[in-house]
Amino acid sequence: MMPRDRPSVWASIAVAVLLAGCAGAGRPEPQPFPRATPRGPADSSLVTSDVGAEIVRTALDLRGAPYAFGGSDPRGFDCSGFVQFVYGRHGVRTPREVSDLFRAGSPLPLDRLQPGDLLFFRTTSRGASHVAISLGDRRFVHAPSTTGVVRVEDLGVTYWARRLLSARRLATD
């Protein structure tokens, strides 16, 4: 039989796993991700005919897919698994980890951000620990946390604005 304190240890471990952000190896995020912002009709107006717009279309089609730590398909995504899946649908191979995605991209100023570019955030550690796909118009789509689903967010939200680390572009040709 297990000692009395064992169940509480297992409960603590379970809670820690559930609170882990998509970075995987980092500590739990400093505070919960904000709630989703309402989806508006502007989502479809972001779509044009270039590769970035096709990436955006695929990403938006996955809204509502659940978060899953280590997930990389529509049954459940973490942030980097989501990026890898979406880009992969367009023949672009990407690294699996946030830190590797960060190093693979070319930095760009926010005023040059285009749909399909990547946004990196500091959520669970000092460096890049979360990644999202830019929609343009200061919005992005991502797989945010263990209690979330793939959804659209706004860079104007204080939580994201304070944690934005870099915008980067991956070669898609």
# chains A, B, ... in the order shown; residues from 1 in each chain; ligands from 1
call {"tool": "residues_around", "arguments": {"residues": "Arg63 in chain A", "least_positions_apart": "6", "cutoff": "10 Å", "atoms": "only C-alpha atoms", "output": "ChimeraX atom specification"}}
result
/A:39,74,141-143,149-152
call {"tool": "write_last_selection", "arguments": {"atoms": "C-alpha atoms", "output": "short mmCIF file (atom, residue, chain, number, x, y, z; two decimals), in the first residue's frame"}}
result
data_model
loop_
_atom_site.label_atom_id
_atom_site.label_comp_id
_atom_site.auth_asym_id
_atom_site.auth_seq_id
_atom_site.Cartn_x
_atom_site.Cartn_y
_atom_site.Cartn_z
CA ARG A 39 -13.37 35.76 -34.06
CA PRO A 74 -5.47 18.03 -35.38
CA VAL A 141 -3.17 32.18 -34.63
CA HIS A 142 -1.62 29.67 -32.24
CA ALA A 143 -2.03 26.70 -29.90
CA VAL A 149 -7.59 25.46 -28.32
CA VAL A 150 -6.07 26.78 -31.54
CA ARG A 151 -7.33 30.34 -31.69
CA VAL A 152 -6.79 33.88 -32.97
#
call {"tool": "select_by_dssp", "arguments": {"residues": "range 106-169 of chain A", "states": "strand (DSSP E or B)", "output": "PDB file with C-alpha atoms, in the first residue's frame"}}
result
ATOM      1  CA  SER A 106      15.261  35.404 -40.403  1.00  0.00           C
ATOM      2  CA  PRO A 107      14.453  38.316 -38.074  1.00  0.00           C
ATOM      3  CA  LEU A 108      12.255  41.082 -39.403  1.00  0.00           C
ATOM      4  CA  LEU A 118       6.183  33.622 -37.216  1.00  0.00           C
ATOM      5  CA  LEU A 119       5.923  35.483 -33.922  1.00  0.00           C
ATOM      6  CA  PHE A 120       7.969  34.361 -30.925  1.00  0.00           C
ATOM      7  CA  PHE A 121       7.140  35.062 -27.303  1.00  0.00           C
ATOM      8  CA  HIS A 130       6.074  30.117 -27.624  1.00  0.00           C
ATOM      9  CA  VAL A 131       5.468  30.523 -31.365  1.00  0.00           C
ATOM     10  CA  ALA A 132       2.468  31.706 -33.383  1.00  0.00           C
ATOM     11  CA  ILE A 133       1.615  32.356 -37.029  1.00  0.00           C
ATOM     12  CA  SER A 134       0.963  35.947 -38.070  1.00  0.00           C
ATOM     13  CA  LEU A 135      -2.340  36.719 -39.759  1.00  0.00           C
ATOM     14  CA  GLY A 136      -1.440  40.317 -40.519  1.00  0.00           C
ATOM     15  CA  ARG A 139      -3.276  39.322 -35.172  1.00  0.00           C
ATOM     16  CA  PHE A 140      -1.998  35.778 -34.951  1.00  0.00           C
ATOM     17  CA  VAL A 141      -3.168  32.181 -34.629  1.00  0.00           C
ATOM     18  CA  HIS A 142      -1.620  29.669 -32.237  1.00  0.00           C
ATOM     19  CA  VAL A 149      -7.586  25.457 -28.318  1.00  0.00           C
ATOM     20  CA  ARG A 151      -7.332  30.342 -31.695  1.00  0.00           C
ATOM     21  CA  VAL A 152      -6.794  33.879 -32.970  1.00  0.00           C
ATOM     22  CA  GLU A 153      -5.275  36.529 -30.695  1.00  0.00           C
ATOM     23  CA  ASP A 154      -4.329  40.195 -30.975  1.00  0.00           C
ATOM     24  CA  LEU A 164       6.709  39.472 -27.802  1.00  0.00           C
ATOM     25  CA  LEU A 165      10.344  38.601 -28.478  1.00  0.00           C
ATOM     26  CA  SER A 166      10.716  38.618 -32.257  1.00  0.00           C
ATOM     27  CA  ALA A 167       9.068  38.295 -35.636  1.00  0.00           C
ATOM     28  CA  ARG A 168      10.788  35.908 -38.050  1.00  0.00           C
ATOM     29  CA  ARG A 169      10.297  34.651 -41.562  1.00  0.00           C
TER      30      ARG A 169
END
call {"tool": "select_by_dssp", "arguments": {"residues": "range 100-164 of chain A", "states": "alpha helix (DSSP H)", "output": "PyMOL selection string"}}
result
chain A and resi 100-104+158-163
call {"tool": "write_last_selection", "arguments": {"atoms": "C-alpha atoms", "output": "PDB file, in the first residue's frame"}}
result
ATOM      1  CA  ASP A 100      15.084  25.632 -33.305  1.00  0.00           C
ATOM      2  CA  LEU A 101      12.283  27.438 -35.165  1.00  0.00           C
ATOM      3  CA  PHE A 102      13.546  30.704 -33.706  1.00  0.00           C
ATOM      4  CA  ARG A 103      17.081  30.052 -34.985  1.00  0.00           C
ATOM      5  CA  ALA A 104      15.804  28.917 -38.412  1.00  0.00           C
ATOM      6  CA  THR A 158      -1.106  43.360 -22.894  1.00  0.00           C
ATOM      7  CA  TYR A 159      -0.148  39.764 -22.108  1.00  0.00           C
ATOM      8  CA  TRP A 160       1.173  39.200 -25.646  1.00  0.00           C
ATOM      9  CA  ALA A 161       2.609  42.688 -26.190  1.00  0.00           C
ATOM     10  CA  ARG A 162       4.783  42.364 -23.076  1.00  0.00           C
ATOM     11  CA  ARG A 163       6.061  38.937 -24.086  1.00  0.00           C
TER      12      ARG A 163
END
call {"tool": "closest_residue", "arguments": {"among": "A:Arg138, A:Arg93, A:Arg57, A:Arg75", "to": "Leu113 in chain A", "atoms": "only C-alpha atoms"}}
result
A:Arg138
call {"tool": "closest_residue", "arguments": {"among": "A:Asp50, A:Asp61, A:Asp73, A:Asp137", "to": "Leu110 in chain A", "atoms": "only C-alpha atoms"}}
result
A:Asp137
call {"tool": "closest_residue", "arguments": {"among": "A:Leu62, A:Ala128, A:Val98, A:Ala68", "to": "Phe85 in chain A", "atoms": "only C-alpha atoms"}}
result
A:Leu62
call {"tool": "residues_around", "arguments": {"residues": "Gly70 in chain A", "least_positions_apart": "5", "cutoff": "7 Å", "atoms": "only C-alpha atoms", "output": "JSON, numbers by chain"}}
result
{"A": [77, 78, 81]}
call {"tool": "write_last_selection", "arguments": {"atoms": "C-alpha atoms", "output": "PDB file, in the first residue's frame"}}
result
ATOM      1  CA  PHE A  77      -1.284  20.602 -30.956  1.00  0.00           C
ATOM      2  CA  ASP A  78       1.337  22.345 -28.934  1.00  0.00           C
ATOM      3  CA  GLY A  81       3.655  21.170 -33.467  1.00  0.00           C
TER       4      GLY A  81
END
call {"tool": "closest_residue", "arguments": {"among": "A:Arg126, A:Ser99, A:Gly156, A:Gly52", "to": "Leu170 in chain A", "atoms": "only C-alpha atoms"}}
result
A:Gly52
call {"tool": "decode", "arguments": {"residues": "range 55-103 of chain A", "atoms": "N, CA and C atoms", "output": "PDB file, in the first residue's frame"}}
result
ATOM      1  N   ILE A  55      -0.799  29.484 -46.010  1.00  0.00           N
ATOM      2  CA  ILE A  55      -0.436  29.022 -44.669  1.00  0.00           C
ATOM      3  C   ILE A  55      -1.471  29.523 -43.663  1.00  0.00           C
ATOM      4  N   VAL A  56      -1.840  30.786 -43.786  1.00  0.00           N
ATOM      5  CA  VAL A  56      -2.854  31.372 -42.901  1.00  0.00           C
ATOM      6  C   VAL A  56      -4.186  30.644 -43.054  1.00  0.00           C
ATOM      7  N   ARG A  57      -4.579  30.357 -44.270  1.00  0.00           N
ATOM      8  CA  ARG A  57      -5.852  29.667 -44.501  1.00  0.00           C
ATOM      9  C   ARG A  57      -5.864  28.312 -43.798  1.00  0.00           C
ATOM     10  N   THR A  58      -4.772  27.565 -43.939  1.00  0.00           N
ATOM     11  CA  THR A  58      -4.676  26.263 -43.279  1.00  0.00           C
ATOM     12  C   THR A  58      -4.734  26.424 -41.764  1.00  0.00           C
ATOM     13  N   ALA A  59      -3.994  27.395 -41.237  1.00  0.00           N
ATOM     14  CA  ALA A  59      -3.972  27.629 -39.787  1.00  0.00           C
ATOM     15  C   ALA A  59      -5.364  27.991 -39.274  1.00  0.00           C
ATOM     16  N   LEU A  60      -6.063  28.859 -39.984  1.00  0.00           N
ATOM     17  CA  LEU A  60      -7.396  29.271 -39.551  1.00  0.00           C
ATOM     18  C   LEU A  60      -8.396  28.113 -39.620  1.00  0.00           C
ATOM     19  N   ASP A  61      -8.201  27.215 -40.562  1.00  0.00           N
ATOM     20  CA  ASP A  61      -9.083  26.047 -40.654  1.00  0.00           C
ATOM     21  C   ASP A  61      -8.948  25.129 -39.447  1.00  0.00           C
ATOM     22  N   LEU A  62      -7.853  25.260 -38.698  1.00  0.00           N
ATOM     23  CA  LEU A  62      -7.606  24.399 -37.540  1.00  0.00           C
ATOM     24  C   LEU A  62      -8.073  25.025 -36.222  1.00  0.00           C
ATOM     25  N   ARG A  63      -8.702  26.207 -36.290  1.00  0.00           N
ATOM     26  CA  ARG A  63      -9.213  26.824 -35.066  1.00  0.00           C
ATOM     27  C   ARG A  63     -10.124  25.847 -34.343  1.00  0.00           C
ATOM     28  N   GLY A  64      -9.960  25.809 -33.037  1.00  0.00           N
ATOM     29  CA  GLY A  64     -10.777  24.924 -32.225  1.00  0.00           C
ATOM     30  C   GLY A  64     -10.114  23.590 -31.922  1.00  0.00           C
ATOM     31  N   ALA A  65      -9.040  23.243 -32.651  1.00  0.00           N
ATOM     32  CA  ALA A  65      -8.320  21.996 -32.336  1.00  0.00           C
ATOM     33  C   ALA A  65      -7.749  22.132 -30.925  1.00  0.00           C
ATOM     34  N   PRO A  66      -7.799  21.077 -30.137  1.00  0.00           N
ATOM     35  CA  PRO A  66      -7.346  21.176 -28.748  1.00  0.00           C
ATOM     36  C   PRO A  66      -5.831  21.271 -28.612  1.00  0.00           C
ATOM     37  N   TYR A  67      -5.410  21.818 -27.478  1.00  0.00           N
ATOM     38  CA  TYR A  67      -3.997  21.828 -27.124  1.00  0.00           C
ATOM     39  C   TYR A  67      -3.642  20.441 -26.583  1.00  0.00           C
ATOM     40  N   ALA A  68      -2.462  19.961 -26.940  1.00  0.00           N
ATOM     41  CA  ALA A  68      -1.928  18.722 -26.365  1.00  0.00           C
ATOM     42  C   ALA A  68      -0.419  18.877 -26.278  1.00  0.00           C
ATOM     43  N   PHE A  69       0.119  18.722 -25.100  1.00  0.00           N
ATOM     44  CA  PHE A  69       1.563  18.811 -24.914  1.00  0.00           C
ATOM     45  C   PHE A  69       2.240  17.807 -25.836  1.00  0.00           C
ATOM     46  N   GLY A  70       3.157  18.273 -26.688  1.00  0.00           N
ATOM     47  CA  GLY A  70       3.838  17.405 -27.634  1.00  0.00           C
ATOM     48  C   GLY A  70       3.011  17.063 -28.856  1.00  0.00           C
ATOM     49  N   GLY A  71       1.785  17.623 -28.963  1.00  0.00           N
ATOM     50  CA  GLY A  71       0.890  17.290 -30.063  1.00  0.00           C
ATOM     51  C   GLY A  71       1.294  17.937 -31.370  1.00  0.00           C
ATOM     52  N   SER A  72       1.077  17.208 -32.461  1.00  0.00           N
ATOM     53  CA  SER A  72       1.454  17.734 -33.768  1.00  0.00           C
ATOM     54  C   SER A  72       0.453  17.359 -34.863  1.00  0.00           C
ATOM     55  N   ASP A  73      -0.788  17.145 -34.485  1.00  0.00           N
ATOM     56  CA  ASP A  73      -1.829  16.880 -35.481  1.00  0.00           C
ATOM     57  C   ASP A  73      -3.163  17.398 -34.952  1.00  0.00           C
ATOM     58  N   PRO A  74      -4.195  17.429 -35.787  1.00  0.00           N
ATOM     59  CA  PRO A  74      -5.470  18.034 -35.382  1.00  0.00           C
ATOM     60  C   PRO A  74      -6.143  17.417 -34.155  1.00  0.00           C
ATOM     61  N   ARG A  75      -5.707  16.250 -33.716  1.00  0.00           N
ATOM     62  CA  ARG A  75      -6.245  15.691 -32.470  1.00  0.00           C
ATOM     63  C   ARG A  75      -5.728  16.471 -31.266  1.00  0.00           C
ATOM     64  N   GLY A  76      -4.654  17.235 -31.446  1.00  0.00           N
ATOM     65  CA  GLY A  76      -4.075  18.050 -30.386  1.00  0.00           C
ATOM     66  C   GLY A  76      -2.731  18.606 -30.814  1.00  0.00           C
ATOM     67  N   PHE A  77      -2.523  19.919 -30.580  1.00  0.00           N
ATOM     68  CA  PHE A  77      -1.284  20.602 -30.956  1.00  0.00           C
ATOM     69  C   PHE A  77      -0.661  21.272 -29.752  1.00  0.00           C
ATOM     70  N   ASP A  78       0.673  21.334 -29.742  1.00  0.00           N
ATOM     71  CA  ASP A  78       1.337  22.345 -28.934  1.00  0.00           C
ATOM     72  C   ASP A  78       1.759  23.411 -29.948  1.00  0.00           C
ATOM     73  N   CYS A  79       2.366  24.493 -29.489  1.00  0.00           N
ATOM     74  CA  CYS A  79       2.592  25.621 -30.404  1.00  0.00           C
ATOM     75  C   CYS A  79       3.510  25.270 -31.566  1.00  0.00           C
ATOM     76  N   SER A  80       4.623  24.603 -31.298  1.00  0.00           N
ATOM     77  CA  SER A  80       5.550  24.293 -32.385  1.00  0.00           C
ATOM     78  C   SER A  80       5.025  23.153 -33.258  1.00  0.00           C
ATOM     79  N   GLY A  81       4.286  22.221 -32.679  1.00  0.00           N
ATOM     80  CA  GLY A  81       3.655  21.170 -33.467  1.00  0.00           C
ATOM     81  C   GLY A  81       2.633  21.743 -34.432  1.00  0.00           C
ATOM     82  N   PHE A  82       1.926  22.780 -33.983  1.00  0.00           N
ATOM     83  CA  PHE A  82       0.957  23.468 -34.832  1.00  0.00           C
ATOM     84  C   PHE A  82       1.663  24.104 -36.032  1.00  0.00           C
ATOM     85  N   VAL A  83       2.747  24.833 -35.777  1.00  0.00           N
ATOM     86  CA  VAL A  83       3.507  25.474 -36.858  1.00  0.00           C
ATOM     87  C   VAL A  83       4.044  24.415 -37.821  1.00  0.00           C
ATOM     88  N   GLN A  84       4.624  23.358 -37.275  1.00  0.00           N
ATOM     89  CA  GLN A  84       5.188  22.308 -38.119  1.00  0.00           C
ATOM     90  C   GLN A  84       4.101  21.675 -38.998  1.00  0.00           C
ATOM     91  N   PHE A  85       2.942  21.401 -38.434  1.00  0.00           N
ATOM     92  CA  PHE A  85       1.836  20.802 -39.187  1.00  0.00           C
ATOM     93  C   PHE A  85       1.368  21.738 -40.300  1.00  0.00           C
ATOM     94  N   VAL A  86       1.132  22.998 -39.960  1.00  0.00           N
ATOM     95  CA  VAL A  86       0.604  23.961 -40.941  1.00  0.00           C
ATOM     96  C   VAL A  86       1.599  24.172 -42.079  1.00  0.00           C
ATOM     97  N   TYR A  87       2.852  24.457 -41.754  1.00  0.00           N
ATOM     98  CA  TYR A  87       3.857  24.666 -42.797  1.00  0.00           C
ATOM     99  C   TYR A  87       4.054  23.392 -43.611  1.00  0.00           C
ATOM    100  N   GLY A  88       4.024  22.241 -42.949  1.00  0.00           N
ATOM    101  CA  GLY A  88       4.194  20.966 -43.638  1.00  0.00           C
ATOM    102  C   GLY A  88       3.132  20.723 -44.695  1.00  0.00           C
ATOM    103  N   ARG A  89       1.914  21.209 -44.457  1.00  0.00           N
ATOM    104  CA  ARG A  89       0.830  21.065 -45.432  1.00  0.00           C
ATOM    105  C   ARG A  89       1.137  21.817 -46.721  1.00  0.00           C
ATOM    106  N   HIS A  90       2.126  22.705 -46.666  1.00  0.00           N
ATOM    107  CA  HIS A  90       2.513  23.494 -47.836  1.00  0.00           C
ATOM    108  C   HIS A  90       3.924  23.145 -48.295  1.00  0.00           C
ATOM    109  N   GLY A  91       4.386  21.972 -47.895  1.00  0.00           N
ATOM    110  CA  GLY A  91       5.675  21.465 -48.356  1.00  0.00           C
ATOM    111  C   GLY A  91       6.892  22.111 -47.710  1.00  0.00           C
ATOM    112  N   VAL A  92       6.680  22.813 -46.609  1.00  0.00           N
ATOM    113  CA  VAL A  92       7.793  23.480 -45.931  1.00  0.00           C
ATOM    114  C   VAL A  92       8.139  22.694 -44.670  1.00  0.00           C
ATOM    115  N   ARG A  93       9.334  22.146 -44.634  1.00  0.00           N
ATOM    116  CA  ARG A  93       9.791  21.412 -43.453  1.00  0.00           C
ATOM    117  C   ARG A  93      10.305  22.417 -42.423  1.00  0.00           C
ATOM    118  N   THR A  94       9.869  22.245 -41.183  1.00  0.00           N
ATOM    119  CA  THR A  94      10.307  23.142 -40.114  1.00  0.00           C
ATOM    120  C   THR A  94      10.862  22.326 -38.957  1.00  0.00           C
ATOM    121  N   PRO A  95      11.724  22.936 -38.154  1.00  0.00           N
ATOM    122  CA  PRO A  95      12.152  22.267 -36.930  1.00  0.00           C
ATOM    123  C   PRO A  95      10.958  22.051 -36.007  1.00  0.00           C
ATOM    124  N   ARG A  96      11.076  21.113 -35.076  1.00  0.00           N
ATOM    125  CA  ARG A  96       9.967  20.785 -34.183  1.00  0.00           C
ATOM    126  C   ARG A  96       9.933  21.639 -32.920  1.00  0.00           C
ATOM    127  N   GLU A  97      11.075  22.058 -32.413  1.00  0.00           N
ATOM    128  CA  GLU A  97      11.142  22.802 -31.152  1.00  0.00           C
ATOM    129  C   GLU A  97      11.116  24.313 -31.388  1.00  0.00           C
ATOM    130  N   VAL A  98      10.538  25.042 -30.445  1.00  0.00           N
ATOM    131  CA  VAL A  98      10.441  26.506 -30.539  1.00  0.00           C
ATOM    132  C   VAL A  98      11.820  27.131 -30.725  1.00  0.00           C
ATOM    133  N   SER A  99      12.792  26.716 -29.930  1.00  0.00           N
ATOM    134  CA  SER A  99      14.135  27.319 -30.009  1.00  0.00           C
ATOM    135  C   SER A  99      14.767  27.087 -31.380  1.00  0.00           C
ATOM    136  N   ASP A 100      14.543  25.918 -31.978  1.00  0.00           N
ATOM    137  CA  ASP A 100      15.084  25.632 -33.305  1.00  0.00           C
ATOM    138  C   ASP A 100      14.355  26.429 -34.383  1.00  0.00           C
ATOM    139  N   LEU A 101      13.045  26.591 -34.239  1.00  0.00           N
ATOM    140  CA  LEU A 101      12.283  27.438 -35.165  1.00  0.00           C
ATOM    141  C   LEU A 101      12.791  28.876 -35.107  1.00  0.00           C
ATOM    142  N   PHE A 102      13.058  29.339 -33.903  1.00  0.00           N
ATOM    143  CA  PHE A 102      13.546  30.704 -33.706  1.00  0.00           C
ATOM    144  C   PHE A 102      14.862  30.903 -34.459  1.00  0.00           C
ATOM    145  N   ARG A 103      15.780  29.945 -34.318  1.00  0.00           N
ATOM    146  CA  ARG A 103      17.081  30.052 -34.985  1.00  0.00           C
ATOM    147  C   ARG A 103      16.965  29.893 -36.504  1.00  0.00           C
TER     148      ARG A 103
END
